[in-house]
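Heads up, coords.cif below (mmCIF, C-alpha atoms and all ligand atoms):
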```
data_data
loop_
_atom_site.label_atom_id
_atom_site.label_comp_id
_atom_site.auth_asym_id
_atom_site.auth_seq_id
_atom_site.Cartn_x
_atom_site.Cartn_y
_atom_site.Cartn_z
CA MET A 188 0.00 0.00 0.00
CA ASP A 189 1.25 3.49 -0.86
CA GLY A 190 1.28 6.18 1.76
CA GLU A 191 -1.93 8.15 2.16
CA TYR A 192 -3.38 11.05 4.09
CA ARG A 193 -6.29 10.08 6.30
CA TRP A 194 -8.68 12.32 8.25
CA ASP A 195 -10.03 11.64 11.73
CA PRO A 196 -13.51 13.20 12.07
CA ILE A 197 -13.50 13.14 15.91
CA SER A 198 -10.38 15.30 16.29
CA ASP A 199 -10.44 16.97 12.83
CA ARG A 200 -6.83 15.83 12.41
CA TRP A 201 -4.94 14.46 9.41
CA VAL A 202 -2.35 11.71 9.62
CA ILE A 203 -0.09 10.07 7.05
CA ILE A 204 -0.30 6.28 6.97
CA ALA A 205 3.03 5.21 5.44
CA PRO A 206 3.45 1.43 5.62
CA GLY A 207 6.63 -0.10 4.31
CA ARG A 208 8.77 1.89 6.72
CA ALA A 209 8.26 -0.78 9.39
CA ALA A 210 5.58 -3.25 8.49
CA ARG A 211 6.29 -6.03 10.96
CA PRO A 212 6.17 -5.88 14.76
CA ASP A 213 9.72 -7.23 15.09
CA HIS A 214 11.03 -4.11 13.35
CA PHE A 215 10.33 -2.26 16.56
CA GLN A 216 13.19 -3.77 18.60
CA GLU A 217 14.36 -0.30 19.60
CA GLY A 218 11.13 0.02 21.59
CA VAL A 219 12.69 -2.20 24.26
CA MET A 220 14.01 -0.10 27.12
CA ALA A 221 16.33 -1.16 29.90
CA ARG A 222 14.41 -1.85 33.14
CA GLN A 223 15.01 0.74 35.80
CA ILE A 224 15.52 -0.74 39.21
CA VAL A 225 14.48 1.72 41.89
CA ALA A 226 15.11 0.25 45.32
CA PRO A 227 13.38 0.50 47.62
CA CYS A 228 10.27 1.16 45.55
CA PRO A 229 8.01 3.72 47.27
CA PHE A 230 4.87 2.17 45.72
CA CYS A 231 5.42 -1.37 47.10
CA ARG A 232 3.42 -2.59 50.12
CA GLY A 233 5.38 -1.87 53.30
CA HIS A 234 6.78 1.45 51.99
CA GLU A 235 3.59 3.48 52.47
CA ALA A 236 5.47 6.05 54.59
CA GLN A 237 7.37 7.16 51.45
CA THR A 238 4.22 8.52 49.81
CA PRO A 239 1.71 11.11 51.12
CA GLN A 240 -1.41 9.97 53.01
CA PRO A 241 -3.84 8.26 50.59
CA VAL A 242 -6.99 10.03 49.43
CA ALA A 243 -8.59 6.64 48.68
CA VAL A 244 -7.81 2.97 49.37
CA TYR A 245 -9.37 -0.16 47.82
CA PRO A 246 -11.09 -2.37 48.84
CA PRO A 247 -12.56 0.34 51.11
CA GLY A 248 -11.85 -0.42 54.75
CA ALA A 249 -9.74 -3.55 54.03
CA ALA A 250 -6.72 -4.28 56.21
CA GLU A 251 -4.54 -4.98 53.15
CA TRP A 252 -4.87 -2.54 50.27
CA GLN A 253 -4.98 -3.64 46.61
CA VAL A 254 -5.20 -0.18 45.02
CA ARG A 255 -4.12 3.07 46.66
CA VAL A 256 -4.58 6.68 45.46
CA VAL A 257 -2.08 9.27 46.78
CA PRO A 258 -1.31 12.92 45.99
CA ASN A 259 1.69 13.23 43.63
CA LEU A 260 4.86 14.21 45.52
CA PHE A 261 5.98 16.32 42.55
CA PRO A 262 2.71 17.79 41.27
CA ALA A 263 2.49 19.57 37.91
CA VAL A 264 -0.40 21.66 39.28
CA ALA A 265 -1.61 22.62 42.79
CA MET A 266 -4.72 24.03 44.49
CA GLU A 267 -2.85 26.31 46.87
CA TRP A 268 -0.88 29.35 45.80
CA SER A 269 1.52 31.08 48.17
CA SER A 270 0.89 34.50 46.58
CA ALA A 271 -1.81 35.86 44.29
CA GLY A 272 0.01 34.04 41.51
CA PRO A 273 0.58 35.21 37.96
CA SER A 274 -2.40 36.62 36.12
CA SER A 275 -2.73 38.22 32.69
CA SER A 276 -4.36 37.23 29.43
CA ALA A 277 -1.40 34.94 28.68
CA VAL A 278 -0.40 33.70 32.15
CA ARG A 279 -2.60 32.05 34.77
CA PRO A 280 -1.82 30.03 37.89
CA ALA A 281 -1.69 26.30 37.07
CA VAL A 282 -4.47 25.43 39.52
CA GLY A 283 -5.28 21.76 39.86
CA VAL A 284 -4.89 18.38 41.53
CA HIS A 285 -2.32 15.72 40.67
CA GLU A 286 -2.82 12.20 42.05
CA VAL A 287 -1.21 8.80 41.52
CA ILE A 288 -3.20 5.57 41.39
CA ILE A 289 -1.01 2.68 42.59
CA GLU A 290 -2.65 -0.35 41.00
CA ALA A 291 -1.09 -3.21 42.96
CA PRO A 292 0.78 -3.70 46.25
CA HIS A 293 3.43 -5.91 44.62
CA HIS A 294 6.08 -4.84 42.15
CA VAL A 295 4.78 -5.41 38.60
CA VAL A 296 5.13 -3.05 35.66
CA SER A 297 2.10 -3.61 33.42
CA LEU A 298 -1.67 -3.56 33.82
CA ALA A 299 -1.64 -6.90 31.98
CA GLN A 300 -0.09 -8.45 35.13
CA LEU A 301 -2.91 -7.36 37.48
CA SER A 302 -5.61 -9.63 38.97
CA ASP A 303 -9.29 -9.24 38.04
CA GLU A 304 -9.88 -7.56 41.38
CA GLN A 305 -7.00 -5.08 41.03
CA VAL A 306 -8.16 -4.03 37.56
CA SER A 307 -11.73 -3.58 38.84
CA TRP A 308 -10.59 -1.45 41.79
CA THR A 309 -8.33 0.61 39.54
CA PHE A 310 -11.17 1.52 37.18
CA ALA A 311 -13.52 2.11 40.16
CA SER A 312 -10.91 4.50 41.58
CA TYR A 313 -10.83 6.44 38.27
CA ARG A 314 -14.60 6.90 38.52
CA ASP A 315 -14.60 7.77 42.24
CA ARG A 316 -11.82 10.34 42.04
CA LEU A 317 -13.28 12.03 38.93
CA ALA A 318 -16.73 12.14 40.57
CA GLU A 319 -15.22 13.68 43.71
CA LEU A 320 -13.06 16.28 41.93
CA GLY A 321 -15.87 17.05 39.48
CA ARG A 322 -17.82 18.63 42.33
CA ASP A 323 -15.14 21.32 42.77
CA SER A 324 -16.22 24.44 40.88
CA ARG A 325 -12.58 25.55 40.47
CA LEU A 326 -11.76 22.52 38.30
CA ALA A 327 -12.81 22.13 34.65
CA TYR A 328 -11.45 18.74 33.59
CA GLY A 329 -9.96 15.57 35.04
CA ALA A 330 -7.43 13.73 32.86
CA ILE A 331 -6.83 10.05 33.68
CA PHE A 332 -3.74 8.61 31.99
CA LYS A 333 -1.16 5.87 32.27
CA ASN A 334 2.52 5.93 31.39
CA ALA A 335 3.89 2.37 31.34
CA ARG A 336 7.60 1.58 31.11
CA ALA A 337 10.35 4.18 30.69
CA GLY A 338 9.61 4.80 26.99
CA GLY A 339 6.04 5.69 27.98
CA GLY A 340 7.28 8.40 30.35
CA ALA A 341 7.02 6.38 33.59
CA SER A 342 9.56 7.67 36.13
CA LEU A 343 8.74 4.75 38.46
CA GLU A 344 8.18 1.33 36.92
CA HIS A 345 5.73 0.03 39.59
CA VAL A 346 2.32 -0.25 37.90
CA HIS A 347 0.39 3.02 38.32
CA SER A 348 -1.71 5.62 36.56
CA GLN A 349 -2.29 9.31 37.19
CA LEU A 350 -5.03 11.89 37.43
CA ILE A 351 -4.42 15.57 36.67
CA ALA A 352 -7.45 17.79 37.21
CA THR A 353 -7.07 21.32 35.89
CA ALA A 354 -8.91 24.65 35.91
CA GLN A 355 -8.74 24.70 32.09
CA THR A 356 -10.14 22.08 29.75
CA PRO A 357 -7.30 20.69 27.58
CA GLU A 358 -7.49 21.95 24.01
CA SER A 359 -7.83 18.47 22.47
CA ILE A 360 -10.87 17.76 24.67
CA ALA A 361 -12.42 21.16 23.92
CA GLN A 362 -11.91 20.53 20.19
CA GLU A 363 -13.45 17.04 20.40
CA MET A 364 -16.39 18.49 22.36
CA ARG A 365 -16.97 21.13 19.64
CA ARG A 366 -16.83 18.51 16.87
CA LEU A 367 -19.31 16.22 18.65
CA MET A 368 -21.69 19.08 19.56
CA ASP A 369 -21.66 20.48 16.00
CA HIS A 370 -22.47 17.06 14.60
CA TRP A 371 -25.22 16.50 17.17
CA GLN A 372 -26.81 19.83 16.28
CA ALA A 373 -26.62 19.16 12.55
CA ARG A 374 -27.66 15.48 12.56
CA GLN A 375 -29.23 14.80 15.98
CA ARG A 376 -26.81 11.92 16.29
CA CYS A 377 -23.48 11.22 17.93
CA LEU A 378 -20.50 11.25 15.58
CA LEU A 379 -18.64 8.56 17.53
CA CYS A 380 -21.75 6.31 17.64
CA GLU A 381 -21.93 6.63 13.84
CA LEU A 382 -18.24 5.91 13.46
CA LEU A 383 -18.49 2.88 15.77
CA ALA A 384 -21.44 1.44 13.84
CA ALA A 385 -19.49 1.81 10.58
CA GLU A 386 -16.37 0.18 12.08
CA VAL A 387 -18.37 -2.77 13.42
CA GLN A 388 -20.09 -3.23 10.08
CA GLN A 389 -16.80 -3.07 8.16
CA SER A 390 -14.94 -5.05 10.87
CA ARG A 391 -11.46 -4.70 9.28
CA ARG A 392 -10.18 -2.47 12.08
CA VAL A 393 -12.07 -4.11 14.98
CA VAL A 394 -9.94 -5.91 17.59
CA LEU A 395 -12.61 -6.84 20.17
CA ASP A 396 -16.41 -6.55 20.20
CA ARG A 397 -17.96 -7.86 23.40
CA ASP A 398 -19.49 -7.01 26.80
CA GLY A 399 -20.92 -3.73 25.48
CA PHE A 400 -17.58 -2.37 24.23
CA VAL A 401 -15.83 -2.16 20.88
CA ALA A 402 -12.05 -1.87 20.52
CA PHE A 403 -10.78 -0.78 17.13
CA CYS A 404 -7.71 0.75 15.49
CA PRO A 405 -8.91 4.14 14.19
CA PHE A 406 -8.91 4.74 10.41
CA ALA A 407 -6.56 7.74 10.95
CA SER A 408 -4.41 6.22 13.73
CA ARG A 409 -1.58 8.57 14.75
CA PHE A 410 0.53 5.78 16.25
CA PRO A 411 1.28 2.17 15.21
CA TYR A 412 -1.22 -0.14 17.00
CA GLU A 413 -3.24 2.79 18.40
CA THR A 414 -6.51 1.30 19.71
CA TRP A 415 -9.65 2.96 21.06
CA LEU A 416 -11.90 1.22 23.60
CA VAL A 417 -15.42 2.64 23.34
CA PRO A 418 -18.70 1.77 25.12
CA GLN A 419 -21.19 0.77 22.45
CA ALA A 420 -24.13 2.58 24.12
CA HIS A 421 -23.83 6.35 23.90
CA ALA A 422 -22.63 7.87 27.20
CA ALA A 423 -21.02 11.26 27.76
CA ASP A 424 -19.80 10.89 31.33
CA PHE A 425 -17.39 8.18 32.48
CA THR A 426 -18.41 8.76 36.11
CA ALA A 427 -21.96 7.59 35.27
CA ALA A 428 -20.70 4.12 34.24
CA THR A 429 -22.10 1.22 36.29
CA PRO A 430 -19.79 -1.03 38.35
CA SER A 431 -20.23 -3.85 35.82
CA GLN A 432 -19.41 -1.52 32.90
CA LEU A 433 -16.28 -0.32 34.69
CA GLU A 434 -15.25 -3.91 35.33
CA SER A 435 -15.77 -4.90 31.68
CA CYS A 436 -13.90 -1.79 30.53
CA GLY A 437 -10.94 -2.58 32.78
CA TRP A 438 -10.76 -6.24 31.84
CA LEU A 439 -10.98 -5.40 28.12
CA MET A 440 -8.20 -2.82 28.52
CA ARG A 441 -6.08 -5.51 30.18
CA ASP A 442 -6.87 -7.85 27.27
CA LEU A 443 -5.79 -5.17 24.74
CA ILE A 444 -2.51 -4.59 26.59
CA ARG A 445 -1.93 -8.35 26.77
CA ARG A 446 -2.39 -8.46 22.99
CA LEU A 447 0.11 -5.62 22.51
CA GLU A 448 2.61 -7.40 24.74
CA ALA A 449 2.16 -10.67 22.85
CA SER A 450 2.79 -8.88 19.52
CA LEU A 451 5.62 -6.49 20.42
CA PRO A 452 8.78 -6.77 22.57
CA GLU A 453 7.97 -5.33 26.05
CA PRO A 454 6.24 -2.27 24.63
CA ALA A 455 6.15 1.00 26.51
CA TYR A 456 2.62 2.33 26.25
CA ASN A 457 0.22 5.05 27.28
CA PHE A 458 -3.52 5.12 27.65
CA TRP A 459 -5.79 8.02 28.45
CA LEU A 460 -9.47 8.66 29.03
CA HIS A 461 -11.59 11.18 27.14
CA THR A 462 -14.75 12.10 29.06
CA VAL A 463 -17.09 15.08 29.20
CA PRO A 464 -15.57 18.08 31.05
CA PHE A 465 -16.84 18.81 34.59
CA HIS A 466 -19.94 21.06 35.00
CA ARG A 467 -21.02 20.73 31.35
CA ARG A 468 -24.80 20.28 31.38
CA ASP A 469 -24.70 20.86 27.59
CA GLY A 470 -22.25 17.99 27.14
CA ALA A 471 -24.64 15.14 26.21
CA ALA A 472 -23.07 14.90 22.73
CA PHE A 473 -19.75 13.72 24.18
CA HIS A 474 -18.94 9.99 24.08
CA TRP A 475 -16.39 8.80 26.62
CA HIS A 476 -13.70 6.32 25.60
CA PHE A 477 -10.12 5.23 26.25
CA GLU A 478 -7.27 5.61 23.74
CA LEU A 479 -4.33 3.19 24.01
CA ALA A 480 -1.02 3.65 22.18
CA PRO A 481 2.25 1.72 22.40
CA ARG A 482 5.27 4.02 22.10
CA LEU A 483 7.13 2.48 19.18
CA THR A 484 8.10 5.57 17.26
CA ARG A 485 9.52 8.80 18.64
CA LEU A 486 7.95 12.14 17.95
CA ALA A 487 10.43 13.89 15.67
CA GLY A 488 10.86 17.17 13.86
CA PHE A 489 8.06 16.61 11.39
CA GLU A 490 5.48 15.80 14.08
CA LEU A 491 6.62 18.61 16.40
CA GLY A 492 6.95 21.17 13.63
CA SER A 493 3.81 20.38 11.67
CA GLY A 494 1.47 18.83 14.23
CA SER A 495 0.91 15.99 11.74
CA PHE A 496 1.73 12.37 12.44
CA ILE A 497 3.33 9.75 10.22
CA ASN A 498 2.26 6.22 11.14
CA PRO A 499 4.23 3.36 9.55
CA VAL A 500 1.67 0.62 10.40
CA SER A 501 -1.77 0.75 8.79
CA PRO A 502 -4.60 0.32 11.30
CA GLU A 503 -5.98 -2.53 9.17
CA LYS A 504 -2.69 -4.43 9.64
CA ALA A 505 -2.51 -3.50 13.35
CA ALA A 506 -6.04 -4.76 14.02
CA GLN A 507 -5.29 -8.00 12.17
CA VAL A 508 -2.17 -8.60 14.30
CA LEU A 509 -3.96 -7.82 17.59
CA ARG A 510 -7.05 -9.90 16.69
CA GLN A 511 -4.93 -12.97 16.02
CA VAL A 512 -3.48 -13.10 19.56
CA ARG A 513 -5.04 -15.99 21.49
ZN ZN B 1 7.21 -1.41 43.66
ZN ZN B 2 -22.14 8.33 21.01
#
```
As structure tokens, the full file:
Amino acid sequence: MDGEYRWDPISDRWVIIAPGRAARPDHFQEGVMARQIVAPCPFCRGHEAQTPQPVAVYPPGAAEWQVRVVPNLFPAVAMEWSSAGPSSSAVRPAVGVHEVIIEAPHHVVSLAQLSDEQVSWTFASYRDRLAELGRDSRLAYGAIFKNARAGGGASLEHVHSQLIATAQTPESIAQEMRRLMDHWQARQRCLLCELLAAEVQQSRRVVLDRDGFVAFCPFASRFPYETWLVPQAHAADFTAATPSQLESCGWLMRDLIRRLEASLPEPAYNFWLHTVPFHRRDGAAFHWHFELAPRLTRLAGFELGSGSFINPVSPEKAAQVLRQVR
């Protein structure tokens, strides 16, 4: 297949799919990073004194924790400001909350290594913390994300994810919100629901379709093996998901990561949640979902300078590889 430009309707973004540069998974050997050994690990059970007091522990009230949420020791944003802080049209205080979700008491590096229970508590903690922070009128958005392995930006290898809630809605979320609202107004339908129905019907880019969720490699994937995990029934707000939906979502995410790890050598990866911003009563057009991307290629001058992405693996090929994992 020759290279081609492809457009993603959700983000209004173009990418270049350029297969042939690295068509097979084993061309990504450079994705393997040396393991960092941090001893003693502050996230392991028994070292709780090395992190701040938890804001939530799971299972609630249990003597031995499985999942623990703590404030980040080195926050990117903070609620308290020592002075009035900077303020002009171009500078504002970075107000917000930065938390770490420690997903297991023992030292493992990937969500694929977690028990059913740990995955369920992890996804329940995402919902609980977003619901809690979403009541604060100073905060506009809560970003849940995971950096796994050094190449994914993880500074500690112990399995964890993070939550950064900010007073400003990130531009990519605001843009997605505008796209979905415009479409809803024009067509009285959700753009992502339409896209999902078309993907399921076509099936070439679908990886999983079960338990009320569809996982597919988007037509205009920015990254090799990029996969979106989307609830099939329209829903704007992740915090409104039922316990059984959260459990299915978590277990399917673990299955997707297991498939990545079976297809690629110890891949670094990121995933992140897109959900409706806090306090948006007009946000019914949004459709929450997770986006998962292994970090196989580095962002380089073209991506940074143009904002466009070149993806060397077609999403059709990626979905075929991931589907075949047993
Ligand atoms: Zn550890
Ligand atoms: Zn929808």
Within 9 Å of ligand ZN 1 (chain B), which residues show up when you count all atoms listed in the file? List them as a ChimeraX atom specification, please. /A:225-232,234,291-296,343-346
Which residues of chain A have any atom within 10 Å of an atom in ligand ZN 2 (chain B) when counting only C-alpha atoms and all ligand atoms, and what is the closest pair of atoms for each, with the distance in Å to one decimal? Order the rows by chain and rising number and write it as CSV.
```
residue,atom,partner,partner_atom,distance
A:Leu367,CA,B:ZN2,ZN,8.7
A:Trp371,CA,B:ZN2,ZN,9.5
A:Arg376,CA,B:ZN2,ZN,7.5
A:Cys377,CA,B:ZN2,ZN,4.4
A:Leu378,CA,B:ZN2,ZN,6.4
A:Leu379,CA,B:ZN2,ZN,4.9
A:Cys380,CA,B:ZN2,ZN,3.9
A:Glu381,CA,B:ZN2,ZN,7.4
A:Leu382,CA,B:ZN2,ZN,8.8
A:Leu383,CA,B:ZN2,ZN,8.4
A:Ala384,CA,B:ZN2,ZN,10.0
A:Val417,CA,B:ZN2,ZN,9.1
A:Pro418,CA,B:ZN2,ZN,8.5
A:Gln419,CA,B:ZN2,ZN,7.8
A:Ala420,CA,B:ZN2,ZN,6.8
A:His421,CA,B:ZN2,ZN,3.9
A:Ala422,CA,B:ZN2,ZN,6.2
A:Ala423,CA,B:ZN2,ZN,7.4
A:Ala471,CA,B:ZN2,ZN,8.9
A:Ala472,CA,B:ZN2,ZN,6.9
A:Phe473,CA,B:ZN2,ZN,6.7
A:His474,CA,B:ZN2,ZN,4.7
A:Trp475,CA,B:ZN2,ZN,8.0
A:His476,CA,B:ZN2,ZN,9.8
```
Skip Pro411 in chain A itself and residues of its chain fewer than 5 positions away, then list as a ChimeraX atom specification all residues within 12 Å of it, counting all atoms listed in the file. /A:202-206,208-212,214-215,218,404-406,447,450-451,454,456,479-485,496-506,508-509
Could you please determine the separation between CA of Leu443 in chain A and CA of Ser302 in chain A in Å, to one decimal place?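 Straight-line distance from CA of Leu443 in chain A to CA of Ser302 in chain A works out to 14.9 Å.
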Would you compute the distance between CA of Arg391 in chain A and CA of Asp195 in chain A? Give it in Å to one decimal. 16.6 Å
Since fewer atoms than expected are present, regenerate N, CA and C atoms for range 431-462 of chain A and write them as an mmCIF file, keeping the file's coordinate frame.
```cif
data_model
loop_
_atom_site.group_PDB
_atom_site.id
_atom_site.type_symbol
_atom_site.label_atom_id
_atom_site.label_comp_id
_atom_site.auth_asym_id
_atom_site.auth_seq_id
_atom_site.Cartn_x
_atom_site.Cartn_y
_atom_site.Cartn_z
ATOM 1 N N SER A 431 -20.516 -2.751 36.755
ATOM 2 C CA SER A 431 -20.230 -3.850 35.820
ATOM 3 C C SER A 431 -19.634 -3.324 34.510
ATOM 4 N N GLN A 432 -20.042 -2.121 34.091
ATOM 5 C CA GLN A 432 -19.410 -1.520 32.900
ATOM 6 C C GLN A 432 -17.940 -1.199 33.158
ATOM 7 N N LEU A 433 -17.666 -0.659 34.343
ATOM 8 C CA LEU A 433 -16.280 -0.320 34.690
ATOM 9 C C LEU A 433 -15.416 -1.576 34.706
ATOM 10 N N GLU A 434 -15.991 -2.647 35.261
ATOM 11 C CA GLU A 434 -15.250 -3.910 35.330
ATOM 12 C C GLU A 434 -14.956 -4.434 33.921
ATOM 13 N N SER A 435 -15.989 -4.443 33.063
ATOM 14 C CA SER A 435 -15.770 -4.900 31.680
ATOM 15 C C SER A 435 -14.737 -4.032 30.986
ATOM 16 N N CYS A 436 -14.832 -2.722 31.172
ATOM 17 C CA CYS A 436 -13.900 -1.790 30.530
ATOM 18 C C CYS A 436 -12.466 -2.101 30.967
ATOM 19 N N GLY A 437 -12.274 -2.291 32.262
ATOM 20 C CA GLY A 437 -10.940 -2.580 32.780
ATOM 21 C C GLY A 437 -10.395 -3.901 32.260
ATOM 22 N N TRP A 438 -11.225 -4.919 32.289
ATOM 23 C CA TRP A 438 -10.760 -6.240 31.840
ATOM 24 C C TRP A 438 -10.465 -6.236 30.337
ATOM 25 N N LEU A 439 -11.257 -5.490 29.561
ATOM 26 C CA LEU A 439 -10.980 -5.400 28.120
ATOM 27 C C LEU A 439 -9.698 -4.610 27.870
ATOM 28 N N MET A 440 -9.459 -3.555 28.654
ATOM 29 C CA MET A 440 -8.200 -2.820 28.520
ATOM 30 C C MET A 440 -7.020 -3.745 28.806
ATOM 31 N N ARG A 441 -7.154 -4.552 29.872
ATOM 32 C CA ARG A 441 -6.080 -5.510 30.180
ATOM 33 C C ARG A 441 -5.877 -6.482 29.025
ATOM 34 N N ASP A 442 -6.970 -6.936 28.411
ATOM 35 C CA ASP A 442 -6.870 -7.850 27.270
ATOM 36 C C ASP A 442 -6.140 -7.163 26.100
ATOM 37 N N LEU A 443 -6.454 -5.894 25.845
ATOM 38 C CA LEU A 443 -5.790 -5.170 24.740
ATOM 39 C C LEU A 443 -4.288 -5.032 25.010
ATOM 40 N N ILE A 444 -3.937 -4.735 26.256
ATOM 41 C CA ILE A 444 -2.510 -4.590 26.590
ATOM 42 C C ILE A 444 -1.801 -5.940 26.482
ATOM 43 N N ARG A 445 -2.490 -7.002 26.906
ATOM 44 C CA ARG A 445 -1.930 -8.350 26.770
ATOM 45 C C ARG A 445 -1.656 -8.653 25.287
ATOM 46 N N ARG A 446 -2.569 -8.239 24.428
ATOM 47 C CA ARG A 446 -2.390 -8.460 22.990
ATOM 48 C C ARG A 446 -1.199 -7.659 22.445
ATOM 49 N N LEU A 447 -1.053 -6.424 22.914
ATOM 50 C CA LEU A 447 0.110 -5.620 22.510
ATOM 51 C C LEU A 447 1.397 -6.304 22.940
ATOM 52 N N GLU A 448 1.393 -6.803 24.192
ATOM 53 C CA GLU A 448 2.610 -7.400 24.740
ATOM 54 C C GLU A 448 2.939 -8.735 24.097
ATOM 55 N N ALA A 449 1.913 -9.415 23.562
ATOM 56 C CA ALA A 449 2.160 -10.670 22.850
ATOM 57 C C ALA A 449 2.684 -10.405 21.436
ATOM 58 N N SER A 450 2.443 -9.199 20.912
ATOM 59 C CA SER A 450 2.790 -8.880 19.520
ATOM 60 C C SER A 450 4.072 -8.084 19.387
ATOM 61 N N LEU A 451 4.492 -7.418 20.463
ATOM 62 C CA LEU A 451 5.620 -6.490 20.420
ATOM 63 C C LEU A 451 6.545 -6.757 21.605
ATOM 64 N N PRO A 452 7.850 -6.484 21.468
ATOM 65 C CA PRO A 452 8.780 -6.770 22.570
ATOM 66 C C PRO A 452 8.663 -5.740 23.701
ATOM 67 N N GLU A 453 8.132 -6.166 24.849
ATOM 68 C CA GLU A 453 7.970 -5.330 26.050
ATOM 69 C C GLU A 453 7.663 -3.876 25.719
ATOM 70 N N PRO A 454 6.511 -3.635 25.108
ATOM 71 C CA PRO A 454 6.240 -2.270 24.630
ATOM 72 C C PRO A 454 5.971 -1.289 25.773
ATOM 73 N N ALA A 455 6.599 -0.127 25.700
ATOM 74 C CA ALA A 455 6.150 1.000 26.510
ATOM 75 C C ALA A 455 4.808 1.425 25.926
ATOM 76 N N TYR A 456 3.904 1.895 26.782
ATOM 77 C CA TYR A 456 2.620 2.330 26.250
ATOM 78 C C TYR A 456 1.996 3.384 27.133
ATOM 79 N N ASN A 457 1.046 4.094 26.545
ATOM 80 C CA ASN A 457 0.220 5.050 27.280
ATOM 81 C C ASN A 457 -1.232 4.732 26.987
ATOM 82 N N PHE A 458 -2.107 4.983 27.993
ATOM 83 C CA PHE A 458 -3.520 5.120 27.650
ATOM 84 C C PHE A 458 -4.080 6.315 28.372
ATOM 85 N N TRP A 459 -5.160 6.849 27.836
ATOM 86 C CA TRP A 459 -5.790 8.020 28.450
ATOM 87 C C TRP A 459 -7.281 7.973 28.177
ATOM 88 N N LEU A 460 -8.007 8.608 29.094
ATOM 89 C CA LEU A 460 -9.470 8.660 29.030
ATOM 90 C C LEU A 460 -9.900 9.997 28.425
ATOM 91 N N HIS A 461 -10.893 9.966 27.563
ATOM 92 C CA HIS A 461 -11.590 11.180 27.140
ATOM 93 C C HIS A 461 -13.008 11.104 27.696
ATOM 94 N N THR A 462 -13.382 12.058 28.547
ATOM 95 C CA THR A 462 -14.750 12.100 29.060
ATOM 96 C C THR A 462 -15.218 13.540 29.061
#
```
